Each structure stands twice: as C-alpha cells, then as structure tokens.
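*Asks:* What follows is entry.txt, made up of compact mmCIF, C-alpha atoms:
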# COMPACT_ATOMS: atom_id res chain seq x y z
CA PRO A 1 -24.61 -11.68 -13.02
CA PRO A 2 -23.45 -10.56 -9.55
CA PRO A 3 -24.15 -6.98 -8.47
CA ARG A 4 -21.48 -4.51 -9.61
CA ARG A 5 -19.86 -2.08 -7.18
CA ASP A 6 -21.07 1.47 -7.49
CA ARG A 7 -18.56 3.13 -9.82
CA ALA A 8 -18.96 6.60 -8.32
CA ALA A 9 -18.38 5.29 -4.82
CA ARG A 10 -15.30 3.36 -5.93
CA THR A 11 -13.82 6.38 -7.70
CA LEU A 12 -14.48 8.60 -4.69
CA ARG A 13 -12.91 6.07 -2.34
CA ALA A 14 -9.81 5.73 -4.54
CA SER A 15 -9.43 9.50 -4.78
CA SER A 16 -9.78 9.97 -1.04
CA LEU A 17 -7.15 7.32 -0.37
CA ARG A 18 -4.69 9.01 -2.68
CA GLY A 19 -5.25 12.31 -0.97
CA ARG A 20 -4.47 11.23 2.57
CA HIS A 21 -1.88 9.26 4.45
CA VAL A 22 -2.74 5.63 5.09
CA PRO A 23 -0.80 4.20 8.06
CA LEU A 24 1.88 1.79 6.84
CA PRO A 25 4.26 -0.52 8.64
CA ARG A 26 7.26 1.64 9.57
CA LEU A 27 10.56 -0.10 9.01
CA LEU A 28 13.03 0.27 11.84
CA SER A 29 16.15 2.18 10.87
CA GLY A 30 19.69 0.90 11.22
CA ARG A 31 20.13 3.14 14.27
CA GLY A 32 18.08 0.69 16.34
CA ALA A 33 14.47 0.33 17.34
CA SER A 34 14.52 3.48 19.44
CA GLY A 35 16.63 5.58 17.10
CA ALA A 36 15.47 8.44 14.93
CA GLY A 37 14.53 7.72 11.34
CA PRO A 38 15.65 9.69 8.28
CA SER A 39 13.10 12.41 8.95
CA GLY A 40 14.15 12.78 12.57
CA ALA A 41 10.99 11.15 13.91
CA ARG A 42 11.31 8.18 16.20
CA GLY A 43 10.32 5.02 14.33
CA ALA A 44 7.58 2.82 15.77
CA ARG A 45 6.53 -0.47 14.24
CA THR A 46 2.84 -0.77 13.42
CA ARG A 47 1.21 -3.40 15.64
CA GLY A 48 1.40 -6.78 13.95
CA ALA A 49 3.63 -5.56 11.12
CA PRO A 50 7.05 -7.06 10.49
CA GLY A 51 10.11 -4.80 10.69
CA THR A 52 13.79 -4.79 9.82
CA THR A 53 16.98 -3.49 11.39
CA ALA A 54 18.60 -2.40 8.12
CA ALA A 55 18.96 1.26 7.14
CA PHE A 56 15.98 1.90 4.91
CA LYS A 57 13.67 4.85 4.55
CA PRO A 58 10.07 4.48 5.75
CA MET A 59 7.78 2.79 3.26
CA GLU A 60 5.90 5.17 0.97
CA ARG A 61 3.54 5.25 -1.99
CA ALA A 62 5.24 5.27 -5.37
CA ARG A 63 5.25 8.53 -7.31
CA GLY A 64 7.21 10.07 -10.16
CA GLN A 65 10.58 8.41 -10.64
CA ASP A 66 9.76 5.75 -8.05
CA TYR A 67 8.18 3.74 -10.86
CA ALA A 68 11.45 3.67 -12.78
CA GLY A 69 13.26 2.54 -9.64
CA ALA A 70 10.65 -0.13 -8.93
CA ALA A 71 10.88 -1.36 -12.53
CA ALA A 72 14.67 -1.70 -12.27
CA CYS A 73 14.32 -3.54 -8.95
CA PHE A 74 11.74 -5.95 -10.38
CA VAL A 75 13.68 -6.64 -13.59
CA ASP A 76 16.85 -7.32 -11.61
CA ALA A 77 15.07 -9.75 -9.27
CA PHE A 78 12.96 -11.64 -11.79
CA PHE A 79 14.86 -11.52 -15.08
CA LEU A 80 18.54 -10.88 -14.43
CA ARG A 81 19.03 -13.06 -11.34
CA ARG A 82 16.95 -16.02 -12.49
CA ASP A 83 18.20 -18.75 -14.84
CA GLY A 84 21.27 -16.74 -15.81
CA GLY A 85 19.26 -14.05 -17.59
CA GLY A 86 21.70 -11.33 -16.55
CA ASP A 87 24.53 -13.11 -18.33
CA ARG A 88 22.65 -13.33 -21.63
CA ILE A 89 20.56 -10.18 -22.00
CA THR A 90 21.85 -7.49 -24.33
CA LYS A 91 22.14 -3.85 -23.28
CA GLY A 92 19.42 -2.81 -25.71
CA GLU A 93 17.03 -5.53 -24.54
CA LEU A 94 17.66 -4.62 -20.91
CA SER A 95 16.80 -0.98 -21.60
CA TYR A 96 13.63 -2.06 -23.41
CA LEU A 97 12.62 -4.43 -20.59
CA VAL A 98 13.05 -1.83 -17.83
CA GLY A 99 11.15 0.75 -19.89
CA ALA A 100 8.31 -1.64 -20.62
CA GLN A 101 8.11 -2.64 -16.97
CA LYS A 102 7.94 1.01 -15.88
CA LYS A 103 5.15 1.68 -18.37
CA ASP A 104 3.21 -1.31 -17.05
CA LEU A 105 3.60 -0.20 -13.41
CA VAL A 106 2.38 3.32 -14.19
CA LYS A 107 -0.60 1.92 -16.11
CA ARG A 108 -1.53 -0.40 -13.25
CA TYR A 109 -0.90 1.72 -10.20
CA ASN A 110 -0.91 5.41 -11.12
CA GLN A 111 -4.41 5.78 -12.46
CA LYS A 112 -7.70 7.10 -11.02
CA SER A 113 -8.89 3.70 -9.90
CA LEU A 114 -8.31 1.24 -7.09
CA GLY A 115 -4.61 0.58 -7.48
CA THR A 116 -1.40 1.59 -5.71
CA MET A 117 2.26 0.68 -5.27
CA PHE A 118 4.46 0.87 -2.19
CA VAL A 119 8.23 1.24 -2.32
CA ILE A 120 11.09 1.06 0.17
CA LYS A 121 14.30 2.97 -0.54
CA ASP A 122 17.84 2.66 0.68
CA GLU A 123 18.53 5.38 3.22
CA GLU A 124 21.89 6.38 1.69
CA THR A 125 21.47 5.85 -2.07
CA ASN A 126 17.72 6.60 -2.25
CA GLU A 127 17.39 3.68 -4.68
CA VAL A 128 14.26 1.52 -4.58
CA VAL A 129 15.18 -1.78 -2.93
CA GLY A 130 11.66 -3.16 -2.45
CA CYS A 131 8.26 -2.76 -4.08
CA VAL A 132 4.80 -4.27 -4.32
CA GLY A 133 1.58 -3.21 -6.00
CA ALA A 134 -2.11 -4.07 -6.04
CA GLU A 135 -4.98 -3.31 -8.36
CA VAL A 136 -8.56 -4.49 -8.73
CA GLN A 137 -9.19 -6.89 -11.59
CA ARG A 138 -12.30 -8.72 -12.71
CA PHE A 139 -11.98 -12.48 -12.30
CA VAL A 140 -14.01 -15.39 -13.60
CA GLY A 141 -13.45 -18.08 -11.02
CA ALA A 142 -9.70 -18.16 -10.30
CA THR A 143 -8.73 -16.67 -13.68
CA PRO A 144 -8.48 -13.02 -14.77
CA ALA A 145 -11.51 -12.26 -16.95
CA ARG A 146 -9.33 -11.31 -19.93
CA ARG A 147 -8.02 -14.91 -20.02
CA SER A 148 -11.10 -16.76 -18.85
CA GLU A 149 -12.51 -18.21 -22.07
CA ASN A 150 -12.00 -21.72 -20.66
CA ASP A 151 -13.76 -20.92 -17.37
CA ALA A 152 -17.07 -19.54 -18.62
CA ASN A 153 -19.02 -21.06 -15.74
CA GLY A 154 -16.92 -19.48 -12.98
CA VAL A 155 -18.21 -16.86 -10.56
CA VAL A 156 -17.55 -13.30 -11.75
CA ALA A 157 -16.07 -10.99 -9.10
CA ASP A 158 -13.77 -7.99 -8.68
CA ARG A 159 -10.69 -8.99 -6.68
CA PRO A 160 -7.62 -7.08 -5.42
CA VAL A 161 -4.57 -8.59 -7.12
CA VAL A 162 -1.15 -8.33 -5.47
CA ALA A 163 1.72 -8.25 -7.96
CA ASN A 164 5.24 -6.99 -8.65
CA LEU A 165 6.63 -7.93 -5.25
CA ALA A 166 10.41 -7.60 -5.51
CA VAL A 167 13.32 -7.04 -3.13
CA ALA A 168 16.85 -6.19 -4.26
CA SER A 169 19.43 -8.88 -3.55
CA SER A 170 21.33 -6.51 -1.24
CA ALA A 171 18.20 -6.01 0.91
CA ARG A 172 16.92 -9.57 1.25
CA ARG A 173 16.40 -11.47 4.51
CA LYS A 174 15.69 -8.23 6.35
CA GLY A 175 11.89 -8.40 6.53
CA LEU A 176 11.10 -6.18 3.55
CA ALA A 177 8.95 -8.67 1.65
CA LYS A 178 6.77 -9.37 4.69
CA ALA A 179 6.43 -5.66 5.48
CA LEU A 180 5.42 -4.88 1.89
CA MET A 181 2.85 -7.66 1.84
CA PHE A 182 1.40 -6.54 5.18
CA ALA A 183 1.00 -2.99 3.85
CA ILE A 184 -0.64 -4.00 0.58
CA GLU A 185 -3.07 -6.30 2.40
CA GLU A 186 -4.04 -3.42 4.71
CA GLU A 187 -4.63 -1.33 1.59
CA ALA A 188 -6.99 -3.95 0.21
CA LYS A 189 -8.94 -3.79 3.46
CA GLU A 190 -9.18 0.00 3.08
CA TRP A 191 -10.73 -0.60 -0.34
CA GLY A 192 -13.43 -2.72 1.28
CA PHE A 193 -12.19 -6.20 0.39
CA ASP A 194 -11.75 -9.16 2.72
CA GLU A 195 -9.28 -11.04 0.49
CA THR A 196 -6.24 -10.65 -1.75
CA VAL A 197 -5.16 -12.86 -4.62
CA LEU A 198 -1.93 -13.19 -6.55
CA ILE A 199 -0.57 -15.16 -9.50
CA VAL A 200 2.85 -16.82 -9.33
CA GLU A 201 4.81 -19.09 -11.66
CA ALA A 202 4.41 -22.70 -10.54
CA ASN A 203 8.18 -23.31 -10.73
CA ASN A 204 9.03 -20.28 -8.58
CA LYS A 205 9.36 -22.35 -5.44
CA SER A 206 10.88 -19.62 -3.26
CA ALA A 207 8.01 -17.21 -3.97
CA THR A 208 5.38 -19.91 -3.52
CA SER A 209 6.93 -20.89 -0.19
CA LEU A 210 6.91 -17.29 1.02
CA TYR A 211 3.26 -16.80 0.10
CA LYS A 212 2.26 -20.02 1.85
CA LYS A 213 4.01 -18.84 5.01
CA LEU A 214 2.06 -15.58 4.76
CA GLY A 215 -1.27 -17.44 4.63
CA TYR A 216 -1.92 -17.81 0.90
CA LYS A 217 -3.17 -21.07 -0.59
CA ALA A 218 -3.61 -22.22 -4.18
CA ILE A 219 -7.12 -21.93 -5.62
CA GLY A 220 -6.45 -22.55 -9.33
CA THR A 221 -3.89 -22.99 -12.09
CA GLU A 222 -3.30 -21.75 -15.63
CA PRO A 223 -1.26 -24.11 -17.81
CA ASP A 224 -0.26 -21.47 -20.36
CA ALA A 225 -0.29 -18.02 -18.72
CA PRO A 226 1.51 -15.32 -20.77
CA ASN A 227 4.92 -14.17 -19.57
CA LEU A 228 8.27 -12.83 -20.76
CA LYS A 229 11.70 -14.45 -20.58
CA VAL A 230 15.27 -13.88 -21.75
CA ASP A 231 16.09 -16.49 -24.41
CA GLU A 232 19.47 -18.08 -25.15
CA ASN A 233 20.34 -15.19 -27.51
CA GLY A 234 19.76 -12.50 -24.89
CA LYS A 235 16.46 -11.39 -26.39
CA VAL A 236 13.28 -10.71 -24.45
CA VAL A 237 10.58 -12.97 -25.89
CA GLU A 238 7.02 -13.93 -25.07
CA ALA A 239 6.54 -17.24 -23.31
CA LYS A 240 3.85 -19.43 -21.80
CA VAL A 241 4.23 -20.66 -18.22
CA LYS A 242 2.21 -22.66 -15.75
CA ALA A 243 0.86 -20.24 -13.18
CA VAL A 244 -0.85 -20.73 -9.84
CA THR A 245 -3.52 -18.40 -8.45
CA MET A 246 -3.25 -18.05 -4.68
CA ARG A 247 -5.70 -16.44 -2.25
CA LYS A 248 -5.58 -15.14 1.30
CA SER A 249 -8.60 -14.28 3.44
CA LEU A 250 -8.18 -11.00 5.29
CA LYS A 251 -11.00 -11.72 7.71
CA ASP A 252 -10.17 -11.31 11.39
CA GLY A 253 -9.95 -14.14 13.88
CA MET A 254 -10.69 -17.80 13.33
CA ALA A 255 -12.81 -17.14 10.23
CA GLY A 256 -9.78 -15.96 8.27
CA THR A 257 -7.49 -18.60 9.77
CA ILE A 258 -9.82 -21.42 8.74
CA GLU A 259 -10.23 -20.06 5.20
CA ASN A 260 -6.46 -19.85 4.79
CA LEU A 261 -5.76 -23.41 5.94
CA ASP A 262 -4.75 -25.86 3.23
CA ILE A 263 -6.81 -28.66 4.71
CA ALA A 264 -5.30 -31.42 2.55
CA GLU A 265 -1.76 -30.38 3.48
CA VAL A 266 -2.60 -30.05 7.17
CA LEU A 267 -4.28 -33.46 7.32
CA ALA A 268 -1.37 -35.10 5.50
CA LYS A 269 1.14 -33.68 7.96
CA VAL A 270 -1.00 -34.38 11.00
CA ALA A 271 -1.41 -37.98 9.84
CA GLY A 272 2.37 -38.39 9.73
CA ALA A 273 4.62 -39.25 12.62
CA GLY A 274 5.27 -35.60 13.39
CA GLY A 275 1.66 -34.46 13.29
CA ILE A 276 1.43 -33.13 16.82
CA ALA A 277 4.81 -31.40 16.52
CA TYR A 278 3.70 -29.82 13.23
CA LEU A 279 0.61 -28.34 14.86
CA ALA A 280 2.57 -27.14 17.88
CA ASN A 281 5.24 -25.50 15.71
CA GLY A 282 2.59 -23.92 13.50
CA ILE A 283 0.81 -22.36 16.47
CA ALA A 284 4.10 -21.20 17.99
CA SER A 285 5.27 -19.57 14.74
CA GLY A 286 1.90 -17.93 14.07
CA THR A 287 1.20 -19.76 10.77
CA ILE A 288 -1.63 -21.64 12.48
CA GLU A 289 -3.86 -19.82 14.97
CA SER A 290 -4.59 -21.70 18.17
CA PRO A 291 -8.29 -22.56 18.59
CA PHE A 292 -7.98 -22.21 22.38
What would you get if you wrote out this structure as structure tokens?
*Replies:*
Amino acid sequence: PPPRRDRAARTLRASSLRGRHVPLPRLLSGRGASGAGPSGARGARTRGAPGTTAAFKPMERARGQDYAGAAACFVDAFFLRRDGGGDRITKGELSYLVGAQKKDLVKRYNQKSLGTMFVIKDEETNEVVGCVGAEVQRFVGATPARRSENDANGVVADRPVVANLAVASSARRKGLAKALMFAIEEEAKEWGFDETVLIVEANNKSATSLYKKLGYKAIGTEPDAPNLKVDENGKVVEAKVKAVTMRKSLKDGMAGTIENLDIAEVLAKVAGAGGIAYLANGIASGTIESPF
C-alpha cells in the first residue's frame, strides 16, 4: 500500500488553516472596479482570479447559518430548476431535502479535517447566491474507496474532491462559478495537493462543459453512482446515474497544462479543417497554454 500522510501533521495543517485568513479571489462590487466594497475597503482582484461586476459581498468561508443558505442554493440549482423538479416537489419533501443537504454540508466541510466551503452572498439580501466545497477522500483509481469494489486493482490515494458548486439563477453569468473554483483549487494547494478531482453526472452537459473550460478532463466513469431525484409524484427518491470523474492538475507551467490536455480531443480537432484556428483560439482564450 502507498504511504499514508501523517495524521498529526494533517490535523495541525487543517486547524491552522481554519484559524487564519487564506487569501481568496475578491469579487468586484457593483460600484465598479475601483469602488469601495461592503466593508469600506477598496476591492482588488487577486492576480489570475476571475471577477464580477455584480453587487456581491466578498467571498468567505462558510460558518453557522451559511450552510443552510448554501443548501437552499444547491437544492434550487440542482433539484428545482432541473427537469421540472420544482413543479413536482411537495412542500414537505422540499423541507426534507434542504435539511438533508445542510446536514451533509456540515458533515463534509465543518469538521476537524481537511475540508472547507466557500460562499458568496448578495450584498443587499445577505442570501447565499454561490457556494463550493472540497474535502479529502480516499480513492481507489478514479472511484471513491467506499464504492470501489469493482476497482480493486486501482491505485489507492487521498484526493481533494470538489463538490457542491452552485450559483443561484439570479447570479449566473457574472463570473461566480469561476471565482469559486479558483478559490477552492487554491485551497487544495494550501493542503499540499497538486490536483483536484470532481464527480459530475454524465448528462449534465452544462456542468461538464464548464469544467472542461476550467481545465478538467475525464479520467473514469461510474455507471450506477448513487444520487437523489424528484420523481413524478414529487417525492425525493434514491436513484442511480452515470457519473464521470474529472481531474485537473494544479501544477504550475507547462507540466500542468500538458496533464490537463485531452489529447484525443485535441488531436481530433487539429486533424479537422479548423485545426490551426482551434489551437490559435485556445491559446488566445487561455484554455491552451502557448509552448513558445
């Protein structure tokens, strides 16, 4: 078996992170890039981090009632606004779902271990309009160890798992998702990792597309990953879905860029009539790093 991380060192590192401020991407307020933020301090975007011009409070670590707000934001984005779930779910089932989601978030991200959640709130209402979390899980190959009975020969490793990324419908297309992902990836670096992984439903094309643009590529699939859904009677039931595990290298420079390239996809596009244009556009947009 591979060497295990020193538990005392990991606990100490997690505790020290919780006790100090870790620089996060500061979202630009609606007053403009040079305006004062909610606290009166002039906002400055962290180098390399995406920003937004909407009126949101600076990103912060979740605490207390933030978990309830994040749960409501996630449920709205992934259950109520997908496949008509909001039209079918009963009031009692909705209350149960939000409560269960909050309990799960607290269990994952509010413990004395390597795990955290970031939230963004509306400047006026103080409601959570964006969230993302990460925790360290043991994997066997590309599958979480707790579901890895069919992958017994895979490499065992602890990996930082990004999950629960959600942005309220009223706050979309303003850069929040990219800012949240940037922050959580920086957190994984602080924990000593050079990668992040995430698991997404295979039929969630919009999420998969976003992650690809951010440098993630598929490394494995699960044909029957456990999930929840709202059935035709408005009840929350257990379901099995096809899920894709995606990975992003956090290494600096060309090493990380090369690891994050989907070689088969790149070669297919380069071989087409627009191959040169594809490469040029990729370099210009930053999705492909120039080798020169």
*Asks:* Tell me which protein, DNA and RNA residues are within 9 Å of Thr143 in chain A, counting all atoms listed in the file, leaving out same-chain ones fewer than 6 positions away, and put them as a ChimeraX atom specification.
*Replies:* /A:151,154,220-222,245
*Asks:* Which of these residues is nearest to Lys229 in chain A, using all atoms listed in the file: A:Glu265, A:Val161, A:Arg88, A:Phe56?
*Replies:*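 Of the candidates, the smallest distance to Lys229 in chain A is held by A:Arg88.
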*Asks:* Extract, using only C-alpha atoms, all DNA, RNA and protein residues at most 7 Å from Tyr216 in chain A, discarding same-chain residues fewer than 3 positions from it, and format them as an MDAnalysis selection string.
*Replies:* chainID A and resid 211:212 246:248 260
*Asks:* Report as a list in words all protein, DNA and RNA residues lying within 7 Å of range 66-77 of chain A, evaluated on all atoms listed in the file, omitting residues in the same chain fewer than 3 positions from it.
*Replies:* Ala62, Arg63, Leu80, Arg81, Val98, Gln101, Lys102, Leu105, Val106, Glu127, Val128, Val129, Cys131, Asn164, Ala166, Val167 and Ala168 of chain A
*Asks:* Can you list, as a PyMOL selection string, every protein, DNA or RNA residue that comes within 9 Å of Ala225 in chain A when you count only C-alpha atoms, leaving out same-chain residues fewer than 6 positions away?
*Replies:* chain A and resi 147+201+239-243
*Asks:* Work out how far CA of Arg159 in chain A is from CA of Leu214 in chain A, in Å to one decimal.
*Replies:*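 Result for CA of Leu214 in chain A versus CA of Arg159 in chain A: 18.4 Å, one decimal.
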*Asks:* Taking all atoms of range 78-83 of chain A that the file lists, what box with edges along x, y and z, padded by 3 Å per side, do you get, with centre and edge lengths in Å to one decimal, as JSON?
*Replies:*
{"center_x": 16.0, "center_y": -14.8, "center_z": -13.2, "size_x": 12.1, "size_y": 13.9, "size_z": 9.7}
*Asks:* Pick from A:Ile199, A:Asp194, A:Gly130, A:Leu210: nearest to Ala255 in chain A, with only C-alpha atoms counted?
*Replies:*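 Result for the nearest residue to Ala255 in chain A: A:Asp194.
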*Asks:* Tell me which protein, DNA and RNA residues are within 12 Å of Lys251 in chain A, counting only C-alpha atoms, leaving out same-chain ones fewer than 4 positions away, and put them as a ChimeraX atom specification.
*Replies:* /A:185-186,188-189,192-196,215,255-260
*Asks:* For CA of Glu93 in chain A and CA of Asn233 in chain A, quote the distance in Å rounded to one decimal.
*Replies:*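 Separation of CA of Glu93 in chain A and CA of Asn233 in chain A: 10.6 Å.
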